[in-house]
Amino acid sequence: MNGSRKLSSQEIADTLRERIRGGALRPGERLPTQAELAEEFGVERGTVRQALRALQEDGLLSNVSKGSPPRVAETVHPGDEPQPTMVGLGPRLAAAFSAPHVRIDAACLTAETLMLALGEPVRRIHEGSIRPESIDVRILLPSRKINLAFPVPVEGRGTDDEDPVHKRWLDQRNAQIRVLRHNLLALRTSHQLDVRVSFRALPFTPPVKLYLLNGQEALIAYYMLLQREEQMADGPLQMYDAFGTQSLLFSFAKETGPRDAAFVDQSQQWFDALWETITTDLTLS
């Protein structure tokens, strides 16, 4: 690893995690010794040991001790208990961005969680700890032209042009798209990376949020509907709104086994089919 700044144990763990998820390190295979890893990453052995313990806690390694190199777990569990989406998505994205060619597909109601979670891998690119060769991000969001199932007023819903709840959602969707696109495309200039960011409009309201990482992992979380009050220009308004940032994020990874691999493949096929068939160009106006 080049550069004067020494990597943290978390950064080393992320790199090894991506090697396991990408198949460079297979179940049952021994890792290099701690001395070899310390030399590779240019750090002390204690930093390597911390990284290995973190991977063991994630269920990715077995036999972590000072006596012999650990092995990749025979049955890999890519994470602990499900975490709230806002907590769990950032580290997963950072690990995915350690791959040379990054592909992120997302289907969601808004881009809020993804926009915020992408801050972690973008930060690591700027600091030099990761440097993918290419980044391809595709995002499916509801069309501005449809009647959303949520968020909606509890009573007295009008046309979309007159509906303050719909206008609020649309303004948020458009603002988040602009920020997300700007932050990623800026990497073209700052780091000369091959970056592509594309959006398509769904003809329906997605009941869940789905993230597909490098074709190897599918993350899914349910939108939870709650009634709440929003202060509008004309006064308070009761609405049914979706809360996705605190919904539990469930992970399915191909290397975990046939069942998870089938889920990842079917999720990718579902996304690709929507992208290529019934979705339309997404406009911000």
# chains A, B, ... in the order shown; residues from 1 in each chain; ligands from 1
$ select_by_dssp --residues "segment 94-244 of chain A" --states "strand (DSSP E or B)" --output "PyMOL selection string"
chain A and resi 101-107+134-142+152-153+194-202+208-213+217-222+224-232+235-243
$ closest_atom_pairs --of "segment 101-159 of chain A" --to "segment 5-19 of chain A" --cutoff "12 Å" --atoms "only C-alpha atoms" --output "Markdown table"
| residue | atom | partner | partner_atom | distance |
| --- | --- | --- | --- | --- |
| A:Val102 | CA | A:Glu18 | CA | 11.5 |
| A:Glu120 | CA | A:Glu11 | CA | 11.7 |
| A:Pro121 | CA | A:Glu11 | CA | 11.0 |
| A:Arg124 | CA | A:Glu11 | CA | 9.1 |
| A:Ile125 | CA | A:Glu11 | CA | 11.8 |
| A:Glu127 | CA | A:Arg5 | CA | 9.3 |
| A:Gly128 | CA | A:Arg5 | CA | 9.1 |
| A:Ser129 | CA | A:Leu7 | CA | 7.2 |
| A:Ile130 | CA | A:Thr15 | CA | 8.7 |
| A:Arg131 | CA | A:Thr15 | CA | 11.4 |
$ write_last_selection --atoms "N, CA, C and O atoms" --output "short mmCIF file (atom, residue, chain, number, x, y, z; two decimals), in the first residue's frame"
data_model
loop_
_atom_site.label_atom_id
_atom_site.label_comp_id
_atom_site.auth_asym_id
_atom_site.auth_seq_id
_atom_site.Cartn_x
_atom_site.Cartn_y
_atom_site.Cartn_z
N VAL A 102 -16.93 -0.71 -9.51
CA VAL A 102 -18.06 -0.61 -8.57
C VAL A 102 -19.35 -0.48 -9.36
O VAL A 102 -19.45 0.34 -10.28
N GLU A 120 -19.45 8.12 2.97
CA GLU A 120 -18.32 7.38 3.53
C GLU A 120 -17.37 6.89 2.44
O GLU A 120 -16.15 7.17 2.52
N PRO A 121 -17.83 6.18 1.40
CA PRO A 121 -16.87 5.78 0.36
C PRO A 121 -16.27 6.97 -0.39
O PRO A 121 -15.09 6.93 -0.76
N ARG A 124 -13.46 8.23 1.65
CA ARG A 124 -12.28 7.35 1.58
C ARG A 124 -11.54 7.49 0.26
O ARG A 124 -10.31 7.36 0.20
N ILE A 125 -12.27 7.76 -0.81
CA ILE A 125 -11.61 8.01 -2.09
C ILE A 125 -10.79 9.28 -2.00
O ILE A 125 -9.63 9.34 -2.45
N GLU A 127 -9.46 10.64 0.63
CA GLU A 127 -8.30 10.50 1.50
C GLU A 127 -7.28 9.50 0.95
O GLU A 127 -6.18 9.38 1.49
N GLY A 128 -7.65 8.77 -0.10
CA GLY A 128 -6.70 7.88 -0.77
C GLY A 128 -6.66 6.46 -0.26
O GLY A 128 -5.81 5.67 -0.70
N SER A 129 -7.55 6.08 0.65
CA SER A 129 -7.51 4.72 1.19
C SER A 129 -8.15 3.70 0.25
O SER A 129 -7.86 2.51 0.33
N ILE A 130 -9.03 4.15 -0.66
CA ILE A 130 -9.57 3.29 -1.71
C ILE A 130 -9.54 4.06 -3.02
O ILE A 130 -9.63 5.29 -3.03
N ARG A 131 -9.40 3.33 -4.13
CA ARG A 131 -9.39 4.00 -5.43
C ARG A 131 -9.92 3.04 -6.49
O ARG A 131 -9.14 2.32 -7.15
#
$ atom_distance --atom1 "atom CA of Gly244 of chain A" --atom2 "atom CA of Gly59 of chain A"
26.6 Å
$ residues_around --residues "Val72 of chain A" --least-positions-apart "5" --cutoff "6 Å" --atoms "only C-alpha atoms" --output "count of residues only"
5
$ residues_around --residues "segment 179-192 of chain A" --least-positions-apart "2" --cutoff "6 Å" --atoms "only C-alpha atoms" --output "ChimeraX atom specification"
/A:115,176-177
$ residues_around --residues "Ala106 of chain A" --least-positions-apart "2" --cutoff "8 Å" --atoms "only C-alpha atoms" --output "JSON, numbers by chain"
{"A": [104, 108, 138, 139, 140, 209, 210, 211, 212]}
$ write_last_selection --atoms "N, CA, C and O atoms" --output "CSV table (one decimal), in the first residue's frame"
chain,number,residue,atom,x,y,z
A,104,ILE,N,-23.4,-0.1,-8.3
A,104,ILE,CA,-24.4,0.1,-7.3
A,104,ILE,C,-25.8,0.3,-8.0
A,104,ILE,O,-25.9,1.2,-8.7
A,108,CYS,N,-35.8,2.9,-4.7
A,108,CYS,CA,-36.2,3.5,-3.4
A,108,CYS,C,-37.2,4.6,-3.7
A,108,CYS,O,-37.4,5.0,-4.8
A,138,ARG,N,-26.9,3.2,-10.7
A,138,ARG,CA,-28.2,3.3,-11.3
A,138,ARG,C,-29.2,3.3,-10.3
A,138,ARG,O,-29.2,2.5,-9.3
A,139,ILE,N,-30.2,4.3,-10.4
A,139,ILE,CA,-31.2,4.5,-9.3
A,139,ILE,C,-32.5,4.6,-9.9
A,139,ILE,O,-32.8,5.3,-10.9
A,140,LEU,N,-33.5,3.8,-9.4
A,140,LEU,CA,-34.9,3.8,-9.7
A,140,LEU,C,-35.6,4.6,-8.6
A,140,LEU,O,-35.6,4.2,-7.5
A,209,LYS,N,-37.1,-0.6,0.0
A,209,LYS,CA,-35.9,-0.1,-0.6
A,209,LYS,C,-34.9,-1.2,-0.8
A,209,LYS,O,-34.7,-2.1,0.0
A,210,LEU,N,-34.3,-1.3,-2.0
A,210,LEU,CA,-33.4,-2.4,-2.4
A,210,LEU,C,-32.1,-1.8,-2.9
A,210,LEU,O,-32.1,-0.8,-3.7
A,211,TYR,N,-31.0,-2.3,-2.4
A,211,TYR,CA,-29.6,-1.9,-2.8
A,211,TYR,C,-28.9,-3.2,-3.3
A,211,TYR,O,-28.8,-4.2,-2.6
A,212,LEU,N,-28.3,-3.1,-4.5
A,212,LEU,CA,-27.5,-4.2,-5.0
A,212,LEU,C,-26.1,-3.8,-5.2
A,212,LEU,O,-25.8,-2.8,-5.9
$ closest_residue --among "A:Val152, A:Ala107, A:Val87, A:Ala51" --to "Arg228 of chain A" --atoms "only C-alpha atoms"
A:Val152
$ atom_distance --atom1 "atom CA of Gln227 of chain A" --atom2 "atom CA of Asp241 of chain A"
6.3 Å
$ residues_around --residues "Pro69 of chain A" --least-positions-apart "4" --cutoff "7 Å" --atoms "only C-alpha atoms" --output "PyMOL selection string"
chain A and resi 30-34+64
$ closest_residue --among "A:Ala117, A:Leu55, A:Ile278, A:Leu37" --to "Ile20 of chain A" --atoms "only C-alpha atoms"
A:Leu55
$ atom_distance --atom1 "atom CA of Glu57 of chain A" --atom2 "atom CA of Asp105 of chain A"
27.8 Å
$ residues_around --residues "segment 160-169 of chain A" --least-positions-apart "4" --cutoff "12 Å" --atoms "only C-alpha atoms" --output "MDAnalysis selection string"
chainID A and resid 109:112 141:156 173:176 228:242 285
$ select_by_dssp --residues "segment 56-190 of chain A" --states "helix (DSSP H, G or I)" --output "VMD selection string"
chain A and resid 56 to 57 85 to 96 112 to 117 119 to 127 164 to 190
$ closest_residue --among "A:Asn63, A:Arg92, A:Thr279, A:Leu116" --to "Pro203 of chain A" --atoms "only C-alpha atoms"
A:Thr279
$ closest_residue --among "A:Phe41, A:Phe243, A:Phe97, A:Phe204" --to "Val137 of chain A" --atoms "only C-alpha atoms"
A:Phe97
